[in-house]
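File shown here: data-v8.pdb, holding PDB, C-alpha atoms.
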```
MODEL        1
ATOM      1  CA  MET A  24    -211.394 -81.872 159.697
ATOM      2  CA  ASN A  25    -210.274 -79.516 156.918
ATOM      3  CA  ARG A  26    -207.811 -76.719 157.357
ATOM      4  CA  GLU A  27    -208.964 -73.209 156.405
ATOM      5  CA  PRO A  28    -207.547 -71.897 153.112
ATOM      6  CA  ALA A  29    -204.047 -70.581 153.734
ATOM      7  CA  ASP A  30    -204.706 -67.269 151.971
ATOM      8  CA  GLU A  31    -207.709 -66.562 154.214
ATOM      9  CA  MET A  32    -205.725 -67.241 157.387
ATOM     10  CA  SER A  33    -202.775 -65.161 156.226
ATOM     11  CA  ALA A  34    -204.898 -62.161 155.341
ATOM     12  CA  SER A  35    -207.419 -62.109 158.169
ATOM     13  CA  LYS A  36    -207.815 -61.446 161.853
ATOM     14  CA  PRO A  37    -209.619 -64.380 163.486
ATOM     15  CA  PRO A  38    -213.227 -63.771 164.530
ATOM     16  CA  GLY A  39    -213.531 -62.680 168.154
ATOM     17  CA  ASP A  40    -212.827 -59.787 170.504
ATOM     18  CA  TYR A  41    -209.139 -59.518 171.374
ATOM     19  CA  GLY A  42    -209.130 -56.280 173.347
ATOM     20  CA  ILE A  43    -206.255 -53.803 173.510
ATOM     21  CA  ASP A  44    -202.776 -54.521 174.839
ATOM     22  CA  ALA A  45    -201.708 -52.495 177.898
ATOM     23  CA  PRO A  46    -204.814 -50.249 177.882
ATOM     24  CA  ARG A  47    -203.744 -48.437 181.059
ATOM     25  CA  LEU A  48    -200.719 -46.999 179.245
ATOM     26  CA  LEU A  49    -203.065 -45.012 176.994
ATOM     27  CA  ILE A  50    -204.173 -42.876 179.946
ATOM     28  CA  VAL A  51    -201.021 -40.722 179.893
ATOM     29  CA  PRO A  52    -201.156 -39.758 176.191
ATOM     30  CA  VAL A  53    -204.898 -39.080 176.436
ATOM     31  CA  VAL A  54    -204.240 -36.667 179.319
ATOM     32  CA  LEU A  55    -201.412 -35.001 177.359
ATOM     33  CA  ILE A  56    -203.621 -34.605 174.306
ATOM     34  CA  GLY A  57    -206.330 -32.988 176.412
ATOM     35  CA  ALA A  58    -203.797 -30.668 178.036
ATOM     36  CA  GLY A  59    -202.365 -29.665 174.650
ATOM     37  CA  ILE A  60    -205.784 -28.837 173.241
ATOM     38  CA  ALA A  61    -206.644 -26.829 176.354
ATOM     39  CA  GLN A  62    -203.377 -24.921 176.100
ATOM     40  CA  ALA A  63    -204.038 -24.105 172.438
ATOM     41  CA  VAL A  64    -207.467 -22.749 173.287
ATOM     42  CA  VAL A  65    -206.361 -20.690 176.300
ATOM     43  CA  GLN A  66    -203.281 -19.231 174.613
ATOM     44  CA  ARG A  67    -204.994 -18.879 171.233
ATOM     45  CA  THR A  68    -202.057 -20.458 169.405
ATOM     46  CA  TRP A  69    -201.794 -23.561 167.278
ATOM     47  CA  TRP A  70    -198.280 -24.558 168.377
ATOM     48  CA  PRO A  71    -199.469 -26.938 171.145
ATOM     49  CA  LEU A  72    -201.463 -28.780 168.490
ATOM     50  CA  VAL A  73    -198.202 -29.906 166.884
ATOM     51  CA  GLY A  74    -197.427 -31.869 170.027
ATOM     52  CA  VAL A  75    -201.009 -33.135 170.119
ATOM     53  CA  ALA A  76    -200.663 -34.424 166.542
ATOM     54  CA  LEU A  77    -197.398 -36.221 167.346
ATOM     55  CA  ILE A  78    -198.838 -37.855 170.467
ATOM     56  CA  LEU A  79    -201.932 -38.879 168.527
ATOM     57  CA  ALA A  80    -199.763 -40.455 165.808
ATOM     58  CA  CYS A  81    -197.891 -42.454 168.460
ATOM     59  CA  CYS A  82    -201.186 -43.639 169.962
ATOM     60  CA  LEU A  83    -202.482 -44.698 166.564
ATOM     61  CA  LEU A  84    -199.335 -46.749 165.925
ATOM     62  CA  ALA A  85    -199.750 -48.499 169.281
ATOM     63  CA  VAL A  86    -203.439 -49.220 168.659
ATOM     64  CA  HIS A  87    -202.618 -50.500 165.165
ATOM     65  CA  ALA A  88    -199.997 -52.870 166.577
ATOM     66  CA  SER A  89    -202.508 -54.185 169.116
ATOM     67  CA  ARG A  90    -205.588 -54.413 166.915
ATOM     68  CA  ALA A  91    -204.164 -55.316 163.505
ATOM     69  CA  GLY A  92    -200.379 -55.383 163.188
ATOM     70  CA  LYS A  93    -199.763 -58.381 165.425
ATOM     71  CA  PHE A  94    -202.201 -60.483 163.417
ATOM     72  CA  VAL A  95    -200.514 -59.650 160.104
ATOM     73  CA  VAL A  96    -197.027 -60.307 161.457
ATOM     74  CA  TRP A  97    -197.854 -63.524 163.311
ATOM     75  CA  ASN A  98    -199.863 -64.936 160.408
ATOM     76  CA  ARG A  99    -196.745 -64.607 158.276
ATOM     77  CA  LEU A 100    -194.544 -66.153 160.964
ATOM     78  CA  LEU A 101    -196.880 -69.112 161.467
ATOM     79  CA  ASP A 102    -197.175 -69.659 157.717
ATOM     80  CA  GLY A 103    -193.386 -69.676 157.521
ATOM     81  CA  LEU A 104    -193.190 -72.693 159.846
ATOM     82  CA  GLY A 105    -194.613 -75.001 157.172
ATOM     83  CA  LEU A 106    -196.919 -76.775 159.620
ATOM     84  CA  HIS A 107    -198.510 -80.089 158.623
ATOM     85  CA  GLY A 108    -201.662 -79.530 160.680
ATOM     86  CA  ASP A 109    -201.163 -82.146 163.410
ATOM     87  CA  GLU A 110    -198.690 -80.247 165.596
ATOM     88  CA  LYS A 111    -199.042 -79.271 169.246
ATOM     89  CA  ILE A 112    -198.391 -75.564 169.828
ATOM     90  CA  VAL A 113    -198.152 -73.679 173.125
ATOM     91  CA  ASP A 114    -198.552 -69.917 173.484
ATOM     92  CA  LEU A 115    -196.851 -68.527 176.603
ATOM     93  CA  GLY A 116    -198.731 -65.507 177.944
ATOM     94  CA  CYS A 117    -201.638 -66.077 175.559
ATOM     95  CA  GLY A 118    -203.936 -63.307 176.819
ATOM     96  CA  ARG A 119    -207.272 -63.302 174.999
ATOM     97  CA  GLY A 120    -205.906 -65.660 172.363
ATOM     98  CA  ALA A 121    -204.872 -63.526 169.393
ATOM     99  CA  LEU A 122    -201.848 -65.712 168.663
ATOM    100  CA  LEU A 123    -203.327 -68.856 170.207
ATOM    101  CA  VAL A 124    -206.395 -68.842 167.944
ATOM    102  CA  SER A 125    -204.292 -68.021 164.867
ATOM    103  CA  ALA A 126    -202.122 -71.029 165.676
ATOM    104  CA  ALA A 127    -205.132 -73.295 166.285
ATOM    105  CA  ARG A 128    -206.538 -72.454 162.852
ATOM    106  CA  ARG A 129    -203.431 -74.032 161.331
ATOM    107  CA  VAL A 130    -203.550 -77.348 163.231
ATOM    108  CA  PRO A 131    -206.951 -78.961 162.533
ATOM    109  CA  ALA A 132    -205.611 -82.331 163.696
ATOM    110  CA  GLY A 133    -203.412 -80.879 166.445
ATOM    111  CA  LEU A 134    -203.706 -78.858 169.627
ATOM    112  CA  ALA A 135    -203.068 -75.250 170.649
ATOM    113  CA  VAL A 136    -202.492 -74.628 174.367
ATOM    114  CA  GLY A 137    -202.432 -71.217 176.034
ATOM    115  CA  VAL A 138    -200.833 -70.412 179.394
ATOM    116  CA  ASP A 139    -201.416 -67.147 181.246
ATOM    117  CA  LEU A 140    -201.885 -65.624 184.696
ATOM    118  CA  TRP A 141    -204.801 -63.542 183.307
ATOM    119  CA  ARG A 142    -203.617 -60.216 184.638
ATOM    120  CA  ALA A 143    -204.575 -56.818 183.239
ATOM    121  CA  ASP A 144    -201.900 -56.461 180.537
ATOM    122  CA  GLN A 145    -204.738 -56.864 178.056
ATOM    123  CA  SER A 146    -208.248 -55.476 178.417
ATOM    124  CA  GLY A 147    -210.840 -58.062 179.479
ATOM    125  CA  ASN A 148    -208.202 -60.740 180.020
ATOM    126  CA  SER A 149    -209.614 -64.082 181.285
ATOM    127  CA  PRO A 150    -209.733 -67.795 180.373
ATOM    128  CA  ASP A 151    -213.418 -67.469 179.465
ATOM    129  CA  ALA A 152    -212.701 -64.596 177.076
ATOM    130  CA  THR A 153    -210.003 -66.676 175.382
ATOM    131  CA  MET A 154    -212.275 -69.671 174.948
ATOM    132  CA  ARG A 155    -215.083 -67.440 173.608
ATOM    133  CA  ASN A 156    -212.693 -66.211 170.946
ATOM    134  CA  ALA A 157    -211.682 -69.791 170.138
ATOM    135  CA  ALA A 158    -215.370 -70.693 169.773
ATOM    136  CA  ALA A 159    -216.018 -67.646 167.566
ATOM    137  CA  ALA A 160    -213.187 -68.773 165.287
ATOM    138  CA  GLY A 161    -214.477 -72.353 165.230
ATOM    139  CA  VAL A 162    -211.386 -73.861 166.865
ATOM    140  CA  ALA A 163    -212.521 -74.445 170.465
ATOM    141  CA  ASP A 164    -212.260 -78.216 169.943
ATOM    142  CA  ARG A 165    -208.484 -77.920 169.556
ATOM    143  CA  VAL A 166    -207.727 -75.210 172.137
ATOM    144  CA  GLU A 167    -206.872 -75.579 175.826
ATOM    145  CA  VAL A 168    -206.060 -72.839 178.325
ATOM    146  CA  HIS A 169    -204.179 -73.223 181.602
ATOM    147  CA  THR A 170    -203.539 -70.814 184.454
ATOM    148  CA  GLY A 171    -199.824 -70.939 185.013
ATOM    149  CA  ASN A 172    -196.628 -69.018 185.591
ATOM    150  CA  LEU A 173    -193.999 -68.787 182.856
ATOM    151  CA  LEU A 174    -191.427 -69.700 185.519
ATOM    152  CA  ASP A 175    -193.053 -73.044 186.227
ATOM    153  CA  LEU A 176    -195.179 -74.168 183.300
ATOM    154  CA  PRO A 177    -197.883 -76.728 184.143
ATOM    155  CA  LEU A 178    -196.854 -78.798 181.123
ATOM    156  CA  PRO A 179    -194.868 -82.018 180.566
ATOM    157  CA  ASP A 180    -191.321 -82.132 179.245
ATOM    158  CA  ALA A 181    -190.836 -82.262 175.460
ATOM    159  CA  SER A 182    -194.572 -82.098 174.760
ATOM    160  CA  PHE A 183    -194.854 -79.408 172.058
ATOM    161  CA  ASP A 184    -193.703 -79.077 168.463
ATOM    162  CA  VAL A 185    -193.814 -75.266 168.558
ATOM    163  CA  VAL A 186    -193.481 -72.761 171.410
ATOM    164  CA  VAL A 187    -194.563 -69.179 170.742
ATOM    165  CA  SER A 188    -194.895 -66.049 172.855
ATOM    166  CA  ASN A 189    -195.870 -62.491 171.966
ATOM    167  CA  VAL A 190    -194.855 -59.513 174.114
ATOM    168  CA  ALA A 191    -195.175 -61.374 177.418
ATOM    169  CA  MET A 192    -191.783 -62.282 178.917
ATOM    170  CA  HIS A 193    -190.680 -58.669 179.388
ATOM    171  CA  ASN A 194    -193.198 -58.515 182.253
ATOM    172  CA  LEU A 195    -190.684 -60.603 184.225
ATOM    173  CA  LYS A 196    -188.524 -57.841 185.680
ATOM    174  CA  ALA A 197    -185.672 -59.918 187.134
ATOM    175  CA  ARG A 198    -182.991 -61.155 184.736
ATOM    176  CA  ASP A 199    -182.871 -64.550 186.473
ATOM    177  CA  ASP A 200    -186.632 -64.910 186.030
ATOM    178  CA  ARG A 201    -186.372 -64.238 182.303
ATOM    179  CA  ASP A 202    -183.644 -66.882 182.020
ATOM    180  CA  ARG A 203    -185.841 -69.318 183.908
ATOM    181  CA  ALA A 204    -188.786 -68.597 181.600
ATOM    182  CA  ILE A 205    -186.582 -69.376 178.601
ATOM    183  CA  ASP A 206    -185.450 -72.582 180.302
ATOM    184  CA  GLU A 207    -189.090 -73.583 180.789
ATOM    185  CA  ALA A 208    -189.932 -72.829 177.166
ATOM    186  CA  VAL A 209    -187.079 -75.053 176.031
ATOM    187  CA  ARG A 210    -188.043 -77.784 178.509
ATOM    188  CA  VAL A 211    -191.533 -78.235 177.032
ATOM    189  CA  LEU A 212    -190.247 -78.145 173.436
ATOM    190  CA  ARG A 213    -189.735 -81.455 171.656
ATOM    191  CA  PRO A 214    -186.422 -82.264 169.956
ATOM    192  CA  GLY A 215    -186.602 -80.784 166.479
ATOM    193  CA  GLY A 216    -189.265 -78.291 167.610
ATOM    194  CA  ARG A 217    -189.284 -74.557 166.860
ATOM    195  CA  LEU A 218    -189.416 -71.642 169.279
ATOM    196  CA  LEU A 219    -190.504 -68.080 168.396
ATOM    197  CA  ILE A 220    -190.515 -65.340 171.035
ATOM    198  CA  ALA A 221    -191.462 -61.755 170.164
ATOM    199  CA  ASP A 222    -190.915 -59.056 172.748
ATOM    200  CA  LEU A 223    -190.270 -55.370 173.382
ATOM    201  CA  SER A 224    -187.164 -55.854 175.510
ATOM    202  CA  GLY A 225    -184.891 -58.601 176.779
ATOM    203  CA  THR A 226    -184.569 -60.256 173.387
ATOM    204  CA  ARG A 227    -180.764 -60.138 173.361
ATOM    205  CA  GLN A 228    -180.844 -61.945 176.700
ATOM    206  CA  TYR A 229    -183.224 -64.558 175.260
ATOM    207  CA  GLU A 230    -180.879 -65.040 172.320
ATOM    208  CA  GLN A 231    -177.872 -65.520 174.618
ATOM    209  CA  ARG A 232    -179.738 -67.940 176.873
ATOM    210  CA  LEU A 233    -180.885 -70.081 173.961
ATOM    211  CA  ARG A 234    -177.327 -70.311 172.661
ATOM    212  CA  HIS A 235    -176.160 -71.233 176.166
ATOM    213  CA  LEU A 236    -178.753 -74.032 176.268
ATOM    214  CA  GLY A 237    -177.442 -75.420 172.995
ATOM    215  CA  LEU A 238    -180.318 -74.615 170.677
ATOM    216  CA  ALA A 239    -179.672 -74.433 166.951
ATOM    217  CA  ASP A 240    -180.477 -71.771 164.344
ATOM    218  CA  VAL A 241    -180.774 -69.062 166.999
ATOM    219  CA  SER A 242    -181.510 -65.655 165.475
ATOM    220  CA  ARG A 243    -182.899 -62.248 166.407
ATOM    221  CA  ARG A 244    -184.531 -59.724 164.080
ATOM    222  CA  GLY A 245    -186.910 -56.790 164.074
ATOM    223  CA  LEU A 246    -190.525 -57.341 163.079
ATOM    224  CA  GLY A 247    -191.073 -53.999 161.361
ATOM    225  CA  TRP A 248    -193.335 -50.997 161.720
ATOM    226  CA  ARG A 249    -196.528 -53.015 162.198
ATOM    227  CA  LEU A 250    -195.264 -53.874 165.679
ATOM    228  CA  TRP A 251    -193.963 -50.466 166.685
ATOM    229  CA  TRP A 252    -195.625 -49.750 170.033
ATOM    230  CA  SER A 253    -195.855 -45.952 169.516
ATOM    231  CA  GLY A 254    -192.837 -45.534 167.221
ATOM    232  CA  PRO A 255    -189.427 -46.869 166.119
ATOM    233  CA  TRP A 256    -188.088 -46.276 169.648
ATOM    234  CA  LEU A 257    -190.303 -49.129 170.937
ATOM    235  CA  PRO A 258    -190.082 -51.907 168.334
ATOM    236  CA  THR A 259    -190.739 -55.615 168.654
ATOM    237  CA  HIS A 260    -187.973 -58.129 167.976
ATOM    238  CA  LEU A 261    -188.300 -61.844 167.295
ATOM    239  CA  VAL A 262    -185.963 -64.462 168.687
ATOM    240  CA  SER A 263    -186.278 -67.850 167.008
ATOM    241  CA  ALA A 264    -184.500 -71.168 167.510
ATOM    242  CA  ARG A 265    -184.720 -74.902 166.949
ATOM    243  CA  LYS A 266    -184.185 -77.616 169.544
ATOM    244  CA  PRO A 267    -181.660 -80.179 168.301
ATOM    245  CA  ARG A 268    -182.854 -83.746 167.872
TER     246      ARG A 268
ENDMDL
END
```
Structure re-expressed in structure tokens:
Amino acid sequence: MNREPADEMSASKPPGDYGIDAPRLLIVPVVLIGAGIAQAVVQRTWWPLVGVALILACCLLAVHASRAGKFVVWNRLLDGLGLHGDEKIVDLGCGRGALLVSAARRVPAGLAVGVDLWRADQSGNSPDATMRNAAAAGVADRVEVHTGNLLDLPLPDASFDVVVSNVAMHNLKARDDRDRAIDEAVRVLRPGGRLLIADLSGTRQYEQRLRHLGLADVSRRGLGWRLWWSGPWLPTHLVSARKPR
């Protein structure tokens, strides 16, 4: 089986319908926009429209991050791993498969596994939706999905070459739970394997936990404006590490 051309994968969003991240959070700004427009009409002044414009700009940044930005950023991150095409990759909190499918496109002789509880953090979230997207991208033969908790992954020890996760672990509200999720991610990673976790919060804790567990090359960095979830006050950071051999 041939791998897709690298330039096509790096520049494109995989075929499929990947929904919108955290769609319920858009309700508040939509209400505020409506209220601002109503106020401008009733008071016959344009000043409320300034606030409307700012809220709209924040919404557009969030929608861009969900619908386009994450694909651009993660394509670059996956390309930077220098994969050979036979690796096993697991995506923790895979949702509808945006990252999972992008990873599967790069391992024609490997396997991409997604784990999720299929809750409503993403519109239309379900195992069937994820597999439909994998089929649309032509990678269903190398994709598996499992229903599982990040605190107790239904996966064997040291079974994956790469562990990835995008904006999922922050949903674990307790600090001990986030540490346990990191422990699980490290448990399923093979010696020499790479780990990449992107999130909105908790990333300094992830970094500290990985150092505590003895991982190598631990680093944390911002992922830029494409993953600003409404503005620079809600950025995404990446924590990466390597498991020693």
Output check: residues returned by the PyMOL selection byres ((chain A and resi 263) around 10), as number ranges by chain: A: 186-187, 217-221, 229-230, 233, 238-244, 260-262, 264-265
Long-range neighbours of Gly42 of chain A as a PyMOL selection string, 12 Å cut-off, all atoms listed in the file, 2 positions minimum in chain: chain A and resi 39-40+44-46+86-91+118-121+143-149+152-153+156
Compute the distance from (-210.4, -69.6, 177.8) to each atom, counting all atoms listed in the file, keep the residues with any atom at most 12 Å away, and return them as a compact mmCIF listing (two decimals) with C-alpha atoms, in the coordinates of the input; use the coordinates of the file.
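Wrote it out as result20.txt, contents follow:
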```
# COMPACT_ATOMS: atom_id res chain seq x y z
CA CYS A 117 -201.64 -66.08 175.56
CA GLY A 118 -203.94 -63.31 176.82
CA ARG A 119 -207.27 -63.30 175.00
CA GLY A 120 -205.91 -65.66 172.36
CA ALA A 121 -204.87 -63.53 169.39
CA LEU A 123 -203.33 -68.86 170.21
CA VAL A 124 -206.40 -68.84 167.94
CA ALA A 135 -203.07 -75.25 170.65
CA VAL A 136 -202.49 -74.63 174.37
CA GLY A 137 -202.43 -71.22 176.03
CA VAL A 138 -200.83 -70.41 179.39
CA ASP A 139 -201.42 -67.15 181.25
CA LEU A 140 -201.88 -65.62 184.70
CA TRP A 141 -204.80 -63.54 183.31
CA GLY A 147 -210.84 -58.06 179.48
CA ASN A 148 -208.20 -60.74 180.02
CA SER A 149 -209.61 -64.08 181.28
CA PRO A 150 -209.73 -67.80 180.37
CA ASP A 151 -213.42 -67.47 179.46
CA ALA A 152 -212.70 -64.60 177.08
CA THR A 153 -210.00 -66.68 175.38
CA MET A 154 -212.28 -69.67 174.95
CA ARG A 155 -215.08 -67.44 173.61
CA ASN A 156 -212.69 -66.21 170.95
CA ALA A 157 -211.68 -69.79 170.14
CA ALA A 158 -215.37 -70.69 169.77
CA ALA A 159 -216.02 -67.65 167.57
CA VAL A 162 -211.39 -73.86 166.86
CA ALA A 163 -212.52 -74.44 170.46
CA ASP A 164 -212.26 -78.22 169.94
CA ARG A 165 -208.48 -77.92 169.56
CA VAL A 166 -207.73 -75.21 172.14
CA GLU A 167 -206.87 -75.58 175.83
CA VAL A 168 -206.06 -72.84 178.32
CA HIS A 169 -204.18 -73.22 181.60
CA THR A 170 -203.54 -70.81 184.45
```
Centre and size of axis-aligned box enclosing segment 175-194 of chain A plus 8 Å each side, as lines of an AutoDock Vina configuration file:
```
center_x = -194.3
center_y = -70.4
center_z = 177.3
size_x = 23.2
size_y = 39.7
size_z = 33.8
```
Expected answer as a ChimeraX atom specification: all residues with atoms within 6 Å of (-196.6, -65.0, 174.6), only C-alpha atoms: /A:114-117,188-191
Distance in Å - atom CA of Ala181 of chain A versus atom CA of Gly105 of chain A: 20.0 Å
Residue members of the PyMOL selection byres ((chain A and resi 180) around 8) in the file shown, as a PyMOL selection string: chain A and resi 178-179+181-182+210-213
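Atom CA of Asp200 of chain A is positioned 24.9 Å from atom CA of Trp256 of chain A.
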Pairwise distance for atom CA of Val185 of chain A and atom CA of Trp97 of chain A, rounded to one decimal in Å: 13.5 Å
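Each of A:Asp184, A:Gly103, A:Val64, A:Asp175 was compared to Gly133 of chain A using only C-alpha atoms, and A:Asp184 turns out to be the nearest.
Residues matched by the PyMOL selection byres ((chain A and resi 80) around 12) in this file: Pro52, Val53, Ile56, Val73, Gly74, Val75, Ala76, Leu77, Ile78, Leu79, Cys81, Cys82, Leu83, Leu84, Ala85, Val86, His87, Trp251, Trp252, Ser253 and Gly254 of chain A.
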Leaving out Pro214 of chain A and any residue of its chain fewer than 5 positions from it, which residues lie within 7 Å of it when counting only C-alpha atoms, given as a PDB file with C-alpha atoms, in the frame of the given file?
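Output (out.pdb):
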```
ATOM      1  CA  LYS A 266    -184.185 -77.616 169.544  1.00  0.00           C
ATOM      2  CA  PRO A 267    -181.660 -80.179 168.301  1.00  0.00           C
ATOM      3  CA  ARG A 268    -182.854 -83.746 167.872  1.00  0.00           C
TER       4      ARG A 268
END
```
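Proximity ranking of A:Lys93, A:His193, A:Arg67, A:Arg99 relative to Ile43 of chain A places A:Lys93 first, based on only C-alpha atoms.
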Would you fill the gaps in segment 108-126 of chain A so it has N, CA, C and O atoms, then print it as a short mmCIF file (atom, residue, chain, number, x, y, z; two decimals), keeping the file's coordinate frame?
```cif
data_model
loop_
_atom_site.label_atom_id
_atom_site.label_comp_id
_atom_site.auth_asym_id
_atom_site.auth_seq_id
_atom_site.Cartn_x
_atom_site.Cartn_y
_atom_site.Cartn_z
N GLY A 108 -200.29 -79.56 160.21
CA GLY A 108 -201.66 -79.53 160.68
C GLY A 108 -201.95 -80.44 161.85
O GLY A 108 -203.05 -80.43 162.40
N ASP A 109 -200.94 -81.24 162.27
CA ASP A 109 -201.16 -82.15 163.41
C ASP A 109 -200.24 -81.81 164.59
O ASP A 109 -200.11 -82.60 165.53
N GLU A 110 -199.64 -80.63 164.55
CA GLU A 110 -198.69 -80.25 165.60
C GLU A 110 -199.40 -79.82 166.89
O GLU A 110 -200.57 -79.45 166.89
N LYS A 111 -198.62 -79.84 167.97
CA LYS A 111 -199.04 -79.27 169.25
C LYS A 111 -198.25 -77.97 169.45
O LYS A 111 -197.02 -77.97 169.40
N ILE A 112 -198.99 -76.89 169.69
CA ILE A 112 -198.39 -75.56 169.83
C ILE A 112 -198.78 -74.99 171.18
O ILE A 112 -199.93 -75.12 171.61
N VAL A 113 -197.83 -74.35 171.86
CA VAL A 113 -198.15 -73.68 173.12
C VAL A 113 -197.80 -72.20 173.01
O VAL A 113 -196.75 -71.84 172.48
N ASP A 114 -198.73 -71.36 173.48
CA ASP A 114 -198.55 -69.92 173.48
C ASP A 114 -198.36 -69.46 174.93
O ASP A 114 -199.26 -69.60 175.76
N LEU A 115 -197.19 -68.94 175.24
CA LEU A 115 -196.85 -68.53 176.60
C LEU A 115 -197.25 -67.06 176.81
O LEU A 115 -196.72 -66.17 176.16
N GLY A 116 -198.18 -66.83 177.75
CA GLY A 116 -198.73 -65.51 177.94
C GLY A 116 -199.76 -65.20 176.87
O GLY A 116 -199.70 -64.18 176.19
N CYS A 117 -200.74 -66.10 176.72
CA CYS A 117 -201.64 -66.08 175.56
C CYS A 117 -202.67 -64.96 175.59
O CYS A 117 -203.26 -64.63 174.56
N GLY A 118 -202.93 -64.36 176.76
CA GLY A 118 -203.94 -63.31 176.82
C GLY A 118 -205.28 -63.78 176.31
O GLY A 118 -205.72 -64.90 176.61
N ARG A 119 -205.94 -62.96 175.52
CA ARG A 119 -207.27 -63.30 175.00
C ARG A 119 -207.22 -64.19 173.76
O ARG A 119 -208.24 -64.46 173.15
N GLY A 120 -206.01 -64.62 173.38
CA GLY A 120 -205.91 -65.66 172.36
C GLY A 120 -205.64 -65.21 170.95
O GLY A 120 -205.84 -65.98 170.02
N ALA A 121 -205.15 -63.99 170.75
CA ALA A 121 -204.87 -63.53 169.39
C ALA A 121 -203.93 -64.48 168.65
O ALA A 121 -204.22 -64.93 167.54
N LEU A 122 -202.81 -64.79 169.27
CA LEU A 122 -201.85 -65.71 168.66
C LEU A 122 -202.30 -67.16 168.80
O LEU A 122 -202.15 -67.97 167.89
N LEU A 123 -202.88 -67.49 169.95
CA LEU A 123 -203.33 -68.86 170.21
C LEU A 123 -204.35 -69.31 169.17
O LEU A 123 -204.25 -70.42 168.62
N VAL A 124 -205.35 -68.49 168.91
CA VAL A 124 -206.40 -68.84 167.94
C VAL A 124 -205.82 -68.91 166.53
O VAL A 124 -206.15 -69.82 165.75
N SER A 125 -204.93 -67.98 166.19
CA SER A 125 -204.29 -68.02 164.87
C SER A 125 -203.52 -69.32 164.68
O SER A 125 -203.53 -69.92 163.59
N ALA A 126 -202.85 -69.77 165.75
CA ALA A 126 -202.12 -71.03 165.68
C ALA A 126 -203.08 -72.21 165.55
O ALA A 126 -202.86 -73.13 164.74
#
```
